[in-house]
file my_file-v4.txt (compact mmCIF, C-alpha atoms)
# COMPACT_ATOMS: atom_id res chain seq x y z
CA MET A 1 -9.14 -19.33 -9.26
CA SER A 2 -9.09 -15.57 -8.61
CA PHE A 3 -8.71 -13.77 -5.30
CA CYS A 4 -10.23 -10.61 -3.88
CA PRO A 5 -7.80 -7.65 -4.29
CA GLY A 6 -9.17 -6.18 -1.08
CA CYS A 7 -8.90 -9.07 1.38
CA GLY A 8 -7.10 -11.85 -0.51
CA LYS A 9 -9.82 -14.47 -0.04
CA SER A 10 -11.03 -16.66 -2.86
CA ASP A 11 -14.69 -17.14 -2.06
CA ALA A 12 -17.46 -14.96 -3.46
CA GLY A 13 -19.10 -11.86 -1.99
CA HIS A 14 -16.24 -9.41 -1.72
CA GLU A 15 -17.74 -6.56 -3.73
CA SER A 16 -17.28 -4.12 -0.84
CA CYS A 17 -13.70 -5.10 0.06
CA VAL A 18 -12.02 -2.65 -2.30
CA ARG A 19 -13.31 0.84 -1.72
CA PRO A 20 -13.00 3.47 -4.45
CA LEU A 21 -10.03 5.14 -2.74
CA ASP A 22 -8.09 1.97 -1.97
CA PRO A 23 -5.44 0.50 -4.26
CA PRO A 24 -5.50 -3.28 -4.59
CA ARG A 25 -3.75 -4.98 -1.67
CA PHE A 26 -3.79 -8.66 -2.65
CA CYS A 27 -2.78 -10.46 -5.81
CA ILE A 28 -5.84 -11.60 -7.73
CA HIS A 29 -3.85 -14.61 -9.06
CA CYS A 30 -2.38 -16.04 -5.84
CA GLY A 31 -3.98 -14.09 -2.97
CA ARG A 32 -0.64 -12.91 -1.52
CA LYS A 33 -0.19 -9.41 -0.16
CA LEU A 34 1.02 -7.06 -2.88
CA LYS A 35 3.89 -4.63 -2.51
CA VAL A 36 2.04 -1.36 -3.08
CA GLN A 37 3.77 1.97 -3.49
CA VAL A 38 1.28 4.81 -3.55
CA LEU A 39 2.59 7.84 -5.45
CA PRO A 40 1.12 11.36 -5.64
CA THR A 41 -0.50 10.68 -9.00
CA GLY A 42 -0.82 6.90 -9.12
CA TYR A 43 0.35 3.68 -7.55
CA VAL A 44 2.46 0.63 -8.35
CA ALA A 45 1.29 -2.78 -7.10
CA THR A 46 3.49 -5.83 -7.58
CA CYS A 47 3.27 -9.43 -6.46
CA VAL A 48 6.55 -10.97 -5.30
CA ARG A 49 5.51 -14.27 -6.87
CA CYS A 50 3.33 -13.65 -9.89
CA PRO A 51 4.50 -11.94 -13.09
CA THR A 52 2.95 -8.55 -13.67
CA MET B 1 -23.46 34.78 20.41
CA ILE B 2 -20.09 33.02 20.09
CA LEU B 3 -19.91 33.99 16.44
CA ASP B 4 -20.49 37.65 17.35
CA ILE B 5 -17.64 37.42 19.83
CA ALA B 6 -15.48 35.66 17.25
CA ARG B 7 -16.17 38.34 14.66
CA GLU B 8 -14.85 41.05 16.96
CA GLN B 9 -12.06 39.03 18.59
CA VAL B 10 -10.73 36.91 15.73
CA LEU B 11 -11.67 38.78 12.58
CA GLU B 12 -11.14 42.33 13.83
CA ARG B 13 -8.35 41.84 16.38
CA GLY B 14 -6.73 38.65 15.09
CA VAL B 15 -6.89 36.90 18.45
CA GLY B 16 -7.82 33.23 18.14
CA LEU B 17 -10.59 31.65 20.16
CA ASP B 18 -9.50 30.02 23.41
CA GLU B 19 -10.41 26.46 24.36
CA ALA B 20 -13.78 27.28 25.92
CA GLN B 21 -14.76 29.50 23.00
CA THR B 22 -13.69 26.86 20.48
CA LEU B 23 -15.88 24.36 22.29
CA GLU B 24 -18.84 26.71 21.87
CA VAL B 25 -18.29 26.70 18.10
CA LEU B 26 -18.02 22.91 18.10
CA ARG B 27 -21.39 22.81 19.87
CA LEU B 28 -23.18 25.07 17.40
CA PRO B 29 -26.39 23.56 16.02
CA ASP B 30 -26.39 22.43 12.39
CA GLU B 31 -28.34 25.47 11.26
CA ARG B 32 -25.51 27.76 12.43
CA VAL B 33 -22.66 25.88 10.75
CA ASP B 34 -22.92 27.89 7.52
CA ASP B 35 -22.54 31.09 9.54
CA ALA B 36 -19.48 29.67 11.27
CA LEU B 37 -17.94 28.65 7.96
CA GLU B 38 -18.63 32.06 6.46
CA LEU B 39 -16.91 33.79 9.36
CA ALA B 40 -14.00 31.34 9.24
CA HIS B 41 -13.59 32.16 5.56
CA GLU B 42 -13.56 35.87 6.28
CA VAL B 43 -10.90 35.28 8.95
CA ARG B 44 -8.80 33.23 6.57
CA MET B 45 -9.06 35.85 3.80
CA ARG B 46 -8.18 38.73 6.11
CA HIS B 47 -5.34 37.12 8.05
CA CYS B 48 -3.91 34.68 5.47
CA GLY B 49 -5.05 36.02 2.10
CA PRO B 50 -6.66 34.28 -0.86
CA GLU B 51 -3.72 32.07 -1.83
CA VAL B 52 -3.85 28.33 -1.34
CA GLU B 53 -0.75 26.27 -0.59
CA VAL B 54 -0.70 23.04 -2.55
CA GLU B 55 1.31 20.03 -1.40
CA GLY B 56 1.97 16.47 -2.46
CA ILE B 57 3.12 13.71 -0.13
CA VAL B 58 4.82 10.37 -0.62
CA SER B 59 5.85 7.51 1.62
CA ILE B 60 9.55 6.69 1.36
CA LYS B 61 9.23 3.78 3.78
CA THR B 62 5.82 2.15 3.99
CA GLY B 63 4.62 -0.30 6.64
CA GLY B 64 6.48 -2.28 9.26
CA CYS B 65 6.34 0.52 11.83
CA PRO B 66 7.11 -0.54 15.42
CA GLU B 67 4.63 1.94 16.90
CA ASP B 68 0.98 1.18 17.66
CA CYS B 69 -0.88 4.29 16.48
CA HIS B 70 -4.36 2.79 16.45
CA PHE B 71 -5.48 4.60 13.30
CA CYS B 72 -2.54 3.51 11.17
CA SER B 73 -2.48 0.63 8.71
CA GLN B 74 1.32 0.87 8.57
CA SER B 75 1.88 -0.40 12.11
CA GLY B 76 3.62 -3.75 12.15
CA ARG B 77 1.65 -4.60 15.27
CA PHE B 78 -1.67 -4.99 13.46
CA GLU B 79 -2.85 -7.48 10.82
CA THR B 80 -3.46 -5.02 7.99
CA PRO B 81 -3.23 -5.50 4.22
CA VAL B 82 -0.24 -3.13 3.98
CA ARG B 83 3.04 -4.80 3.10
CA ALA B 84 6.36 -3.11 3.85
CA VAL B 85 7.99 -1.39 0.88
CA ARG B 86 10.65 1.26 0.31
CA LEU B 87 10.75 3.86 -2.45
CA ASP B 88 13.95 4.14 -4.50
CA ILE B 89 15.51 7.53 -5.17
CA PRO B 90 14.69 7.80 -8.91
CA SER B 91 11.02 7.08 -8.10
CA LEU B 92 11.12 9.63 -5.28
CA VAL B 93 12.44 12.31 -7.64
CA GLU B 94 9.80 11.39 -10.21
CA ALA B 95 7.10 11.71 -7.53
CA ALA B 96 8.42 15.18 -6.67
CA ARG B 97 8.41 16.06 -10.36
CA GLN B 98 4.80 14.90 -10.74
CA THR B 99 3.84 16.88 -7.67
CA ALA B 100 5.52 20.05 -8.96
CA ALA B 101 3.70 19.60 -12.27
CA THR B 102 0.39 20.08 -10.45
CA GLY B 103 1.55 23.55 -9.36
CA ALA B 104 2.34 22.38 -5.85
CA THR B 105 5.08 24.18 -3.95
CA GLU B 106 5.48 21.60 -1.20
CA PHE B 107 6.59 18.00 -1.32
CA CYS B 108 6.66 16.03 1.89
CA ILE B 109 8.70 12.86 2.32
CA VAL B 110 7.11 10.60 4.93
CA ALA B 111 8.35 7.43 6.64
CA ALA B 112 6.49 5.00 8.87
CA VAL B 113 8.96 4.88 11.73
CA ARG B 114 9.30 5.79 15.39
CA GLY B 115 12.24 7.93 14.36
CA PRO B 116 14.82 7.71 11.59
CA ASP B 117 17.67 5.21 11.80
CA GLU B 118 20.90 5.64 9.86
CA ARG B 119 19.58 3.70 6.86
CA LEU B 120 16.60 6.01 6.58
CA MET B 121 18.69 9.13 7.13
CA ALA B 122 20.99 8.02 4.31
CA GLN B 123 17.97 7.51 2.06
CA VAL B 124 16.59 10.94 2.99
CA ARG B 125 19.99 12.59 2.56
CA GLU B 126 20.28 11.24 -0.97
CA GLY B 127 16.65 11.86 -1.81
CA VAL B 128 16.50 15.48 -0.65
CA LYS B 129 19.67 16.33 -2.55
CA ALA B 130 18.38 14.64 -5.70
CA ILE B 131 15.08 16.53 -5.51
CA HIS B 132 16.82 19.85 -4.91
CA ASP B 133 19.08 19.18 -7.90
CA ASN B 134 16.26 18.23 -10.25
CA VAL B 135 12.92 19.72 -9.19
CA GLU B 136 11.81 23.21 -8.19
CA ILE B 137 9.83 22.50 -5.07
CA ASN B 138 10.15 22.93 -1.32
CA VAL B 139 11.00 19.72 0.49
CA ALA B 140 9.44 18.84 3.83
CA CYS B 141 9.93 15.69 5.89
CA SER B 142 7.91 13.63 8.33
CA LEU B 143 10.17 11.03 9.87
CA GLY B 144 8.93 10.70 13.44
CA ILE B 145 10.79 11.54 16.62
CA LEU B 146 14.11 13.29 15.96
CA THR B 147 17.37 13.57 17.82
CA ARG B 148 19.06 16.95 17.91
CA GLU B 149 21.72 15.74 15.46
CA GLN B 150 19.07 14.53 13.02
CA GLY B 151 17.23 17.84 13.28
CA GLU B 152 20.42 19.72 12.55
CA GLU B 153 21.16 17.51 9.57
CA LEU B 154 17.69 17.91 8.06
CA ARG B 155 17.94 21.68 8.46
CA ASP B 156 21.37 21.68 6.84
CA LEU B 157 20.01 19.59 3.97
CA GLY B 158 17.55 22.39 3.25
CA VAL B 159 14.41 20.70 4.57
CA HIS B 160 12.31 23.78 5.15
CA ARG B 161 9.41 22.28 7.08
CA TYR B 162 9.04 19.26 9.35
CA ASN B 163 5.78 17.50 10.08
CA HIS B 164 5.10 15.73 13.34
CA ASN B 165 1.45 15.48 14.30
CA LEU B 166 0.16 15.65 17.84
CA GLU B 167 -2.68 13.53 16.36
CA THR B 168 -5.13 14.16 19.20
CA ALA B 169 -5.61 16.00 22.47
CA ARG B 170 -3.11 15.27 25.20
CA SER B 171 -5.90 13.86 27.38
CA HIS B 172 -6.89 11.37 24.65
CA PHE B 173 -3.45 10.41 23.37
CA GLY B 174 -3.14 7.30 25.55
CA HIS B 175 -6.24 5.88 23.87
CA VAL B 176 -4.62 6.27 20.45
CA VAL B 177 -0.93 5.45 20.98
CA THR B 178 0.76 3.51 23.78
CA THR B 179 4.30 3.05 22.42
CA HIS B 180 5.34 6.67 22.81
CA THR B 181 3.98 9.72 24.56
CA TRP B 182 2.35 12.98 23.57
CA GLU B 183 5.23 14.70 25.36
CA GLU B 184 7.81 13.00 23.12
CA ARG B 185 5.99 14.42 20.12
CA TRP B 186 5.85 17.86 21.71
CA GLU B 187 9.60 17.73 22.37
CA THR B 188 10.35 16.93 18.72
CA LEU B 189 8.16 19.85 17.65
CA GLN B 190 10.09 22.20 19.94
CA LEU B 191 13.33 20.84 18.50
CA VAL B 192 12.10 21.46 14.95
CA ARG B 193 11.39 25.08 15.81
CA GLU B 194 14.73 25.46 17.54
CA MET B 195 16.45 24.13 14.41
CA GLY B 196 14.83 26.89 12.37
CA MET B 197 12.59 24.66 10.25
CA GLU B 198 8.92 25.50 9.84
CA VAL B 199 6.69 23.52 12.18
CA CYS B 200 3.88 21.44 10.68
CA CYS B 201 1.69 19.76 13.27
CA GLY B 202 -1.70 18.26 12.63
CA GLY B 203 -4.23 15.88 14.00
CA ILE B 204 -6.91 13.37 13.15
CA ILE B 205 -10.52 14.05 13.98
CA GLY B 206 -12.85 11.13 14.71
CA MET B 207 -10.75 8.82 16.89
CA GLY B 208 -13.27 8.60 19.71
CA GLU B 209 -12.42 11.98 21.20
CA THR B 210 -15.08 14.17 22.75
CA LEU B 211 -15.93 17.67 21.55
CA GLU B 212 -14.12 18.93 24.64
CA GLN B 213 -11.01 17.08 23.50
CA ARG B 214 -11.29 18.54 20.01
CA ALA B 215 -11.32 21.99 21.60
CA GLU B 216 -8.38 20.92 23.78
CA LEU B 217 -6.43 19.90 20.68
CA ALA B 218 -7.14 23.26 19.03
CA ALA B 219 -5.87 25.03 22.14
CA GLN B 220 -2.76 22.86 22.19
CA PHE B 221 -2.12 23.75 18.55
CA ALA B 222 -2.58 27.43 19.43
CA ALA B 223 -0.04 27.07 22.25
CA LEU B 224 2.43 25.46 19.84
CA ASN B 225 1.71 28.09 17.16
CA PRO B 226 2.77 25.94 14.20
CA ASP B 227 3.24 27.30 10.70
CA GLU B 228 0.87 24.64 9.37
CA VAL B 229 -1.87 22.42 10.75
CA PRO B 230 -2.96 19.54 8.49
CA LEU B 231 -6.46 18.51 9.48
CA ASN B 232 -7.23 14.84 8.89
CA PHE B 233 -10.48 12.96 9.35
CA LEU B 234 -10.26 9.32 10.36
CA ASP B 235 -10.49 6.86 7.50
CA PRO B 236 -11.04 3.65 9.51
CA ARG B 237 -8.54 1.20 8.06
CA PRO B 238 -9.08 -2.57 7.99
CA GLY B 239 -7.09 -4.46 10.61
CA THR B 240 -6.41 -1.46 12.85
CA PRO B 241 -7.96 -1.05 16.31
CA PHE B 242 -10.01 1.83 14.90
CA ALA B 243 -11.35 -0.16 11.94
CA GLY B 244 -14.83 -0.24 13.48
CA LEU B 245 -15.17 3.49 14.11
CA GLU B 246 -17.61 5.42 11.96
CA PRO B 247 -16.30 8.20 9.72
CA VAL B 248 -16.92 11.70 11.05
CA PRO B 249 -20.29 13.02 9.85
CA ALA B 250 -19.85 15.78 7.26
CA MET B 251 -21.52 18.43 9.39
CA ASP B 252 -19.18 17.68 12.32
CA ALA B 253 -16.20 17.87 10.01
CA LEU B 254 -17.28 21.27 8.71
CA ARG B 255 -17.93 22.52 12.25
CA THR B 256 -14.42 21.39 13.18
CA ILE B 257 -12.84 23.19 10.22
CA ALA B 258 -14.57 26.44 11.16
CA ALA B 259 -13.70 26.07 14.84
CA PHE B 260 -10.02 25.35 14.16
CA ARG B 261 -9.73 28.32 11.81
CA LEU B 262 -11.26 30.57 14.45
CA ALA B 263 -8.78 29.20 17.00
CA LEU B 264 -5.84 29.56 14.58
CA PRO B 265 -6.46 32.68 12.50
CA ARG B 266 -3.00 32.93 10.88
CA THR B 267 -1.99 29.28 10.50
CA ILE B 268 -1.84 27.41 7.21
CA LEU B 269 -4.84 25.09 7.71
CA ARG B 270 -4.56 22.19 5.34
CA PHE B 271 -7.21 19.79 4.11
CA ALA B 272 -5.49 16.42 4.53
CA GLY B 273 -6.44 12.75 4.74
CA GLY B 274 -9.97 11.46 4.98
CA ARG B 275 -11.67 14.48 3.44
CA GLU B 276 -12.88 12.53 0.43
CA LEU B 277 -14.51 9.92 2.67
CA THR B 278 -15.98 12.36 5.16
CA LEU B 279 -16.93 15.29 2.97
CA GLY B 280 -16.96 14.15 -0.65
CA ASP B 281 -16.82 16.61 -3.53
CA LEU B 282 -19.32 19.04 -2.02
CA GLY B 283 -17.38 19.15 1.23
CA ALA B 284 -14.16 20.07 -0.53
CA ARG B 285 -15.84 23.21 -1.78
CA GLN B 286 -17.41 24.00 1.60
CA GLY B 287 -14.08 23.56 3.35
CA MET B 288 -12.26 25.83 0.93
CA VAL B 289 -14.76 28.60 1.64
CA GLY B 290 -14.85 27.73 5.34
CA GLY B 291 -11.35 28.47 6.56
CA ILE B 292 -9.09 26.02 4.75
CA ASN B 293 -6.19 27.58 2.84
CA ALA B 294 -4.06 24.60 1.85
CA VAL B 295 -4.62 21.17 0.33
CA ILE B 296 -2.85 17.89 -0.16
CA VAL B 297 -3.43 17.10 -3.81
CA GLY B 298 -3.46 13.66 -5.31
CA ASN B 299 -2.90 10.53 -3.32
CA TYR B 300 -2.03 10.00 0.32
CA LEU B 301 0.47 7.55 1.83
CA THR B 302 -1.48 4.31 1.47
CA THR B 303 -4.79 5.45 0.00
CA LEU B 304 -5.87 7.36 -3.07
CA GLY B 305 -7.19 10.90 -3.19
CA ARG B 306 -9.03 13.04 -5.69
CA ASP B 307 -7.63 13.74 -9.11
CA PRO B 308 -5.34 16.77 -8.55
CA GLN B 309 -6.97 18.54 -11.47
CA GLU B 310 -10.34 18.45 -9.68
CA ASP B 311 -8.90 20.40 -6.78
CA LEU B 312 -7.06 22.81 -9.07
CA ASP B 313 -10.25 23.39 -11.08
CA LEU B 314 -12.11 24.06 -7.84
CA LEU B 315 -9.53 26.63 -6.74
CA ALA B 316 -9.75 28.36 -10.12
CA GLU B 317 -13.53 28.42 -9.90
CA LEU B 318 -13.32 29.95 -6.42
CA SER B 319 -10.75 32.53 -7.64
CA MET B 320 -8.22 31.26 -5.13
CA PRO B 321 -4.72 31.45 -6.60
CA VAL B 322 -2.24 28.68 -5.90
CA LYS B 323 0.65 30.01 -3.82
CA GLU B 324 3.75 30.41 -5.97
CA LEU B 325 7.12 28.94 -5.09
CA SER B 326 8.76 32.38 -5.00
CA LYS B 327 6.46 33.39 -2.17
CA THR B 328 7.33 30.39 -0.04
CA LEU B 329 11.12 30.62 -0.13
call {"tool": "encode", "arguments": {"input": "my_file-v4.txt", "output": "structure tokens"}}
result
Amino acid sequence: MSFCPGCGKSDAGHESCVRPLDPPRFCIHCGRKLKVQVLPTGYVATCVRCPT
Amino acid sequence: MILDIAREQVLERGVGLDEAQTLEVLRLPDERVDDALELAHEVRMRHCGPEVEVEGIVSIKTGGCPEDCHFCSQSGRFETPVRAVRLDIPSLVEAARQTAATGATEFCIVAAVRGPDERLMAQVREGVKAIHDNVEINVACSLGILTREQGEELRDLGVHRYNHNLETARSHFGHVVTTHTWEERWETLQLVREMGMEVCCGGIIGMGETLEQRAELAAQFAALNPDEVPLNFLDPRPGTPFAGLEPVPAMDALRTIAAFRLALPRTILRFAGGRELTLGDLGARQGMVGGINAVIVGNYLTTLGRDPQEDLDLLAELSMPVKELSKTL
């Protein structure tokens, strides 16, 4: 099962959840909130549970 | 009519528009906005020059904020997708290095807090020193409400500019934040000036304020006379009380840029958050030739921005040199 990186839900129809200027906020493997550090020229998103 | 007055008063004499005059600019019909932008650009070129100040920002402490700023996805009071995270010092230095590599002269360290506690001050102390030791760039901070001792320490660390936004007009502030007051922010800004740091104080347009309140905010900025005003446009964030607000229409955003430049002829007026959403690529160009003379390049605190190279290419195309570090020290 995969989860929406914008809202963390697993059902379909989430095409608009992640906008072009948003980093992912939820783990696509488990649906948990990601730890996201936005940097001036990129970002790092990690799940506390799932391996990256 | 108001633009004729502004040409004589602001362009020729360098006296910014007052609140009532600013409101007249904000009420200009769409077909006059280009004229307002053109005049604002002339004012910027005459009173500030062609150089553009480039800045990068980074969050050293993201999320979990106790305050309830209704626009902010980092408030711990709202159910937002943002999870609390802290930036380690090596990553902070690397972020400053990446920022400097874009040609930026400013690097602002930001924390989502009411005001810094000792843990955050220790992090900032170490971080500012490490950046100064390793990267050629000015360091600014935005850490919320300061005590006198904290202000003194930041100054002594060599923090040359401190950001604390008024966010919105005094008369609208209670609709945006309830956990602290506009006056508390004003007091910190006075403290920053007293400490000898440059004052950076901005706001967010599009939080339900009226045009009158936008003019009020411009007048309050003029009364404060900050070195820099970062102008943000609301990016309605999921989970916040303002999630359902509509982004500011592009024409209103451009009108606001022109009006604020005419109210603040000598201030560094910086394009900040929300510009990509509100104005897009075309708007970036219009803003740069409409009174803006500074940009945040790259990403913001929790959202992504344009590729820095796009902004730098735009500045080169417009023959606007990036301000050099030697001219800011």
call {"tool": "closest_residue", "arguments": {"input": "my_file-v4.txt", "among": "B:Ala272, B:Val322, B:Leu277, B:Cys200", "to": "chain A", "atoms": "all atoms listed in the file"}}
result
B:Leu277
call {"tool": "interface_residues", "arguments": {"input": "my_file-v4.txt", "of": "chain A", "to": "chain B", "cutoff": "10 Å", "atoms": "all atoms listed in the file", "output": "JSON, numbers by chain"}}
result
{"A": [5, 6, 7, 8, 17, 19, 20, 21, 22, 23, 24, 25, 26, 32, 33, 34, 35, 36, 37, 38, 39, 40, 41, 42, 43]}
call {"tool": "closest_residue", "arguments": {"input": "my_file-v4.txt", "among": "B:Glu228, B:Glu67, B:Glu149, B:Glu8", "to": "B:Ala112", "atoms": "all atoms listed in the file"}}
result
B:Glu67
call {"tool": "atom_distance", "arguments": {"input": "my_file-v4.txt", "atom1": "atom CA of B:Arg193", "atom2": "atom CA of B:Thr181"}}
result
19.2 Å
call {"tool": "residues_around", "arguments": {"input": "my_file-v4.txt", "residues": "B:Val177", "least_positions_apart": "5", "cutoff": "7 Å", "atoms": "all atoms listed in the file", "output": "list of chain:residue names"}}
result
B:Asp68, B:Cys69, B:His70
call {"tool": "write_last_selection", "arguments": {"input": "my_file-v4.txt", "atoms": "C-alpha atoms", "output": "mmCIF file, in the frame of the given file"}}
result
data_model
loop_
_atom_site.group_PDB
_atom_site.id
_atom_site.type_symbol
_atom_site.label_atom_id
_atom_site.label_comp_id
_atom_site.auth_asym_id
_atom_site.auth_seq_id
_atom_site.Cartn_x
_atom_site.Cartn_y
_atom_site.Cartn_z
ATOM 1 C CA ASP B 68 0.980 1.180 17.660
ATOM 2 C CA CYS B 69 -0.880 4.290 16.480
ATOM 3 C CA HIS B 70 -4.360 2.790 16.450
#
call {"tool": "atom_distance", "arguments": {"input": "my_file-v4.txt", "atom1": "atom CA of B:Arg266", "atom2": "atom CA of B:Arg46"}}
result
9.1 Å
call {"tool": "residues_around", "arguments": {"input": "my_file-v4.txt", "residues": "B:Glu324", "least_positions_apart": "4", "cutoff": "9 Å", "atoms": "only C-alpha atoms", "output": "PDB file with C-alpha atoms, keeping the file's coordinate frame"}}
result
ATOM      1  CA  GLU B  51      -3.720  32.070  -1.830  1.00  0.00           C
ATOM      2  CA  GLU B  53      -0.750  26.270  -0.590  1.00  0.00           C
ATOM      3  CA  GLY B 103       1.550  23.550  -9.360  1.00  0.00           C
ATOM      4  CA  ALA B 104       2.340  22.380  -5.850  1.00  0.00           C
ATOM      5  CA  THR B 105       5.080  24.180  -3.950  1.00  0.00           C
ATOM      6  CA  THR B 328       7.330  30.390  -0.040  1.00  0.00           C
TER       7      THR B 328
END
call {"tool": "residues_near_point", "arguments": {"input": "my_file-v4.txt", "point": "(-13.3, 39.4, 3.4)", "cutoff": "12 Å", "atoms": "all atoms listed in the file", "output": "PyMOL selection string"}}
result
chain B and resi 7+11-12+38-50+289-291
call {"tool": "atom_distance", "arguments": {"input": "my_file-v4.txt", "atom1": "atom CA of B:Leu146", "atom2": "atom CA of B:Gly63"}}
result
19.0 Å
